[in-house]
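Only one structure is covered here, and it is reproduced in the block below.
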Amino acid sequence: MKKLAINGGTPVRENVAHPWPNTGYEELEEITSCFTRQTFSGFIAGTYEGGPAVQQFEKLVKESTGSPHAVAFDTWSNGIVAGLLALGLEAGDEVIITPYTMTSCATSILSCGAIPVFADVCEDSGGLDPVDVARKITPRTKAIFVVHLFGIPADMDPIMKLAAEHNLFVFEDCAQSPLAFYKGQMCGTIGDLGGFSFTQSKHITSGEGGVAITNDVKINNGMRYVRNHGEIGSTAQKYRQTSDYDYCFDVYGTSGLIGYNFRMTETAAAFGVAQWRKLGPILDLKRDMGTFLRRNLQGIPGLELMIPSYEHTPSWYNFPLRYKSDLTGVSRSRFVAALNAEGLGFGTAYVPPLYEQEIYRTKKHWVIRDYASHVDYENPGCPVVERLFHKELVSTLDIRAPYTMGDMQNIVNGVHKVMENLDELR
């Protein structure tokens, strides 16, 4: 037995904290090209598709995903708003969504005047539970908002079946799961639209930014309309004759759309172009790391891996585990403190359930106040989310470069060391 570092023993490794972006001269060269062209925003009256870097970024994403349409945004949160508006959401419509995700996913629904209805998640993926989604569909439901959390694909077949039965849109948030696969299908291409985030903490970055993808020309048109102020004046009428996009007119919804300035800059797009070209090798390394961790951390009493039974290929934003303190007799916080004393980088819980925020309960957003009196945000019926947040979930974000396979071995060694010496923590 080895004495745990939390009790004065020698740690498995010295703690290391690497920065997020992996950048080099390729990014600098692409960004410099904007200065060479003297083009920093290609959105001008009568030209609504952006400059050469924006169009190149969208082209790369289309080629990689096989999607006929890709739309770049200044932030992915704004991309979500544009995507939801492009579905024709109106006041009082309901969107079923996980409460175990970034707050902007649900507040984007509120921004459209629609109501977030929270459904539980599956304990083996963190993705929406189709059984609970089915329970929460009502005549007001307009869409299902899927988040492929942790880089693990959600169970899409039953969700798509529900959507077809009830004539619902399906939105796939792939912020943590670019180019992940569910039963051979790429996440983001299974539903009606999907998209990716490029903030600094994601797989790749453009500083801030996002790109949405869709097979539906009406959704594409609506997103482009919303992205660029909703300009539909005489210049747009003229542009209609020369563009492949009829986004001023051929859109979903029964009321007129309004637009915003959600446009990606040329420098951000150029940054994204260089980063997207690196995404394949980045994912290859992450998948090697994830496979290694799964293989070497399985079968530990009191610690369960999150592995859905269906065929899937994760893209690993982080590596989640479910810790069973009722079996070990050691609290989760004490367990994670011991891991981190060994030089590892683990955290607990992920994020608080969104329905605990005051905008749903005490200081209600106007949509909740005026349209959602029938929705119970005090008791939304999400026991798995509650269990993951309050009791079980632990994870590490170190499943990425510049961490190495040697670091993954240290994670394995550290977890085994702590689990084999739990008596020291009791």
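By order in the structure tokens, chains are A, B, ...; within a chain, residues start at 1; ligands start at 1, following the order shown.
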
Do you know which residues are at most 10 Å from Asp423 (chain A) counting only C-alpha atoms, after dropping those on the same chain fewer than 3 positions away, and could you put them as a count of residues only?
7

Please extract the residues of region 138-384 of chain A with a backbone DSSP assignment of helix (DSSP H, G or I) and present them as a ChimeraX atom specification.
/A:149-151,156-166,217-227,234-239,266-276,279-297,325-328,332-341,354-356,358-361,366-371,383-384

Proximity check region 207-302 of chain A to region 384-405 of chain A, 12 Å, nearest pairs one decimal Å, only C-alpha atoms, as CSV:
residue,atom,partner,partner_atom,distance
A:Lys278,CA,A:Ala401,CA,11.9
A:Leu279,CA,A:Ala401,CA,11.7
A:Pro281,CA,A:Ala401,CA,10.3
A:Ile282,CA,A:Ala401,CA,7.5
A:Leu283,CA,A:Arg400,CA,8.7
A:Asp284,CA,A:Arg400,CA,10.1
A:Leu285,CA,A:Arg400,CA,7.3
A:Lys286,CA,A:Arg400,CA,5.7
A:Arg287,CA,A:Ile399,CA,8.9
A:Asp288,CA,A:Met405,CA,8.3
A:Met289,CA,A:Ile399,CA,6.3
A:Gly290,CA,A:Ile399,CA,7.2
A:Thr291,CA,A:Ile399,CA,10.7
A:Phe292,CA,A:Met405,CA,8.3
A:Leu293,CA,A:Ile399,CA,9.3
A:Arg294,CA,A:Ile399,CA,11.9
A:Gly302,CA,A:Glu392,CA,10.2

Neighbour list for Asp129 (chain A) as a PDB file with N, CA and C atoms, in the first residue's frame, cut-off 9 Å, only C-alpha atoms, skip fewer than 5 positions in-chain:
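Wrote it out as around-v6.pdb, contents follow:
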ATOM      1  N   THR A  98     -32.505  19.352 -21.807  1.00  0.00           N
ATOM      2  CA  THR A  98     -31.852  18.921 -20.580  1.00  0.00           C
ATOM      3  C   THR A  98     -31.574  20.126 -19.683  1.00  0.00           C
ATOM      4  N   ALA A 119     -36.252  17.955 -19.142  1.00  0.00           N
ATOM      5  CA  ALA A 119     -36.390  16.500 -19.065  1.00  0.00           C
ATOM      6  C   ALA A 119     -35.114  15.900 -18.503  1.00  0.00           C
ATOM      7  N   ASP A 120     -35.244  14.726 -17.931  1.00  0.00           N
ATOM      8  CA  ASP A 120     -34.121  14.061 -17.275  1.00  0.00           C
ATOM      9  C   ASP A 120     -33.123  13.522 -18.303  1.00  0.00           C
ATOM     10  N   VAL A 121     -31.984  13.058 -17.792  1.00  0.00           N
ATOM     11  CA  VAL A 121     -30.920  12.537 -18.648  1.00  0.00           C
ATOM     12  C   VAL A 121     -30.675  11.069 -18.341  1.00  0.00           C
ATOM     13  N   CYS A 122     -29.952  10.425 -19.229  1.00  0.00           N
ATOM     14  CA  CYS A 122     -29.529   9.029 -19.032  1.00  0.00           C
ATOM     15  C   CYS A 122     -28.231   9.009 -18.241  1.00  0.00           C
ATOM     16  N   GLU A 123     -28.147   8.109 -17.272  1.00  0.00           N
ATOM     17  CA  GLU A 123     -26.964   8.082 -16.418  1.00  0.00           C
ATOM     18  C   GLU A 123     -25.725   7.581 -17.139  1.00  0.00           C
ATOM     19  N   ALA A 134     -40.647  11.760 -23.778  1.00  0.00           N
ATOM     20  CA  ALA A 134     -41.991  11.344 -24.199  1.00  0.00           C
ATOM     21  C   ALA A 134     -43.047  11.779 -23.186  1.00  0.00           C
ATOM     22  N   ALA A 154     -25.890  11.482 -27.440  1.00  0.00           N
ATOM     23  CA  ALA A 154     -27.158  11.096 -26.823  1.00  0.00           C
ATOM     24  C   ALA A 154     -27.829  10.012 -27.663  1.00  0.00           C
ATOM     25  N   ASP A 155     -28.838   9.375 -27.087  1.00  0.00           N
ATOM     26  CA  ASP A 155     -29.533   8.279 -27.767  1.00  0.00           C
ATOM     27  C   ASP A 155     -30.550   8.861 -28.750  1.00  0.00           C
ATOM     28  N   ILE A 159     -35.354   9.477 -29.859  1.00  0.00           N
ATOM     29  CA  ILE A 159     -35.692  10.902 -29.897  1.00  0.00           C
ATOM     30  C   ILE A 159     -36.216  11.286 -31.271  1.00  0.00           C
TER      31      ILE A 159
END

Between CA of Gly343 (chain A) and CA of Asn413 (chain A), measure the distance and give it in Å to one decimal.
10.9 Å

Can you list, as an NGL selection string, every residue of region 35-95 of chain A that DSSP puts in strand (DSSP E or B)?
:A and (44 or 47 or 69-73 or 94-95)

Which residues, written as a PyMOL selection string, have at least one atom at most 10 Å from region 17-34 of chain A, with only C-alpha atoms counted and residues fewer than 3 positions away on the same chain left out?
chain A and resi 14+37-41+51-53+199-207+265-275+277-278+282+343-345+398+400-403

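Reported to one decimal place, the separation of CA of Pro380 (chain A) from CA of Phe118 (chain A) is 6.6 Å.
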
What does the distance between CA of Thr214 (chain A) and CA of Asp192 (chain A) come to in Å, to one decimal place?
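Distance reported for this atom pair: 6.1 Å.
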
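The closest residue to Leu168 (chain A), picked from A:Gly194, A:Leu87, A:Val211, A:Ser64 and counting only C-alpha atoms, is A:Leu87.
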
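Residues in contact with Gly191 (chain A) at 7 Å, where only C-alpha atoms are counted and same-chain residues fewer than 3 positions away are skipped, are listed as Val170, Phe171, Glu172 and Gly188 of chain A.
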
Next, write the just-selected residues to a file, as a compact mmCIF listing (two decimals), in the first residue's frame, keeping all heavy atoms as the atom set.
# COMPACT_ATOMS: atom_id res chain seq x y z
N VAL A 170 -35.83 18.88 -34.16
CA VAL A 170 -34.77 18.41 -33.27
C VAL A 170 -33.53 19.26 -33.48
O VAL A 170 -33.01 19.35 -34.60
CB VAL A 170 -34.44 16.92 -33.49
CG1 VAL A 170 -33.26 16.50 -32.61
CG2 VAL A 170 -35.66 16.06 -33.18
N PHE A 171 -33.08 19.89 -32.40
CA PHE A 171 -31.88 20.72 -32.40
C PHE A 171 -30.79 19.94 -31.67
O PHE A 171 -30.99 19.51 -30.55
CB PHE A 171 -32.18 22.03 -31.67
CG PHE A 171 -31.12 23.10 -31.80
CD1 PHE A 171 -31.43 24.33 -32.34
CD2 PHE A 171 -29.82 22.90 -31.35
CE1 PHE A 171 -30.48 25.33 -32.46
CE2 PHE A 171 -28.86 23.89 -31.47
CZ PHE A 171 -29.20 25.11 -32.01
N GLU A 172 -29.62 19.79 -32.31
CA GLU A 172 -28.49 19.08 -31.68
C GLU A 172 -27.37 20.06 -31.34
O GLU A 172 -26.76 20.65 -32.23
CB GLU A 172 -27.93 18.02 -32.62
CG GLU A 172 -28.84 16.87 -32.93
CD GLU A 172 -28.16 15.88 -33.85
OE1 GLU A 172 -27.35 15.07 -33.36
OE2 GLU A 172 -28.42 15.93 -35.08
N GLY A 188 -25.15 16.12 -35.01
CA GLY A 188 -25.40 17.40 -35.64
C GLY A 188 -26.05 17.28 -36.99
O GLY A 188 -26.63 18.26 -37.49

Let me make sure I understand: among A:Val117, A:Gly259, A:Glu424, A:Tyr310, which one has the smallest atom-to-atom distance to Pro158 (chain A) if we use only C-alpha atoms?
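Closest to Pro158 (chain A) of all the choices is A:Tyr310.
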
Best match for closeness to Val95 (chain A) among A:Pro352, A:Gly50, A:Pro314, A:Pro116, counting only C-alpha atoms:
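Residue with the minimum atom-to-atom distance to Val95 (chain A): A:Pro116.
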
Taking only C-alpha atoms into account, name the residue in A:Thr101, A:Asn261, A:Ser111, A:Gln56 that is nearest to Phe150 (chain A).
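Looking only at the distances to Phe150 (chain A), the closest residue turns out to be A:Thr101.
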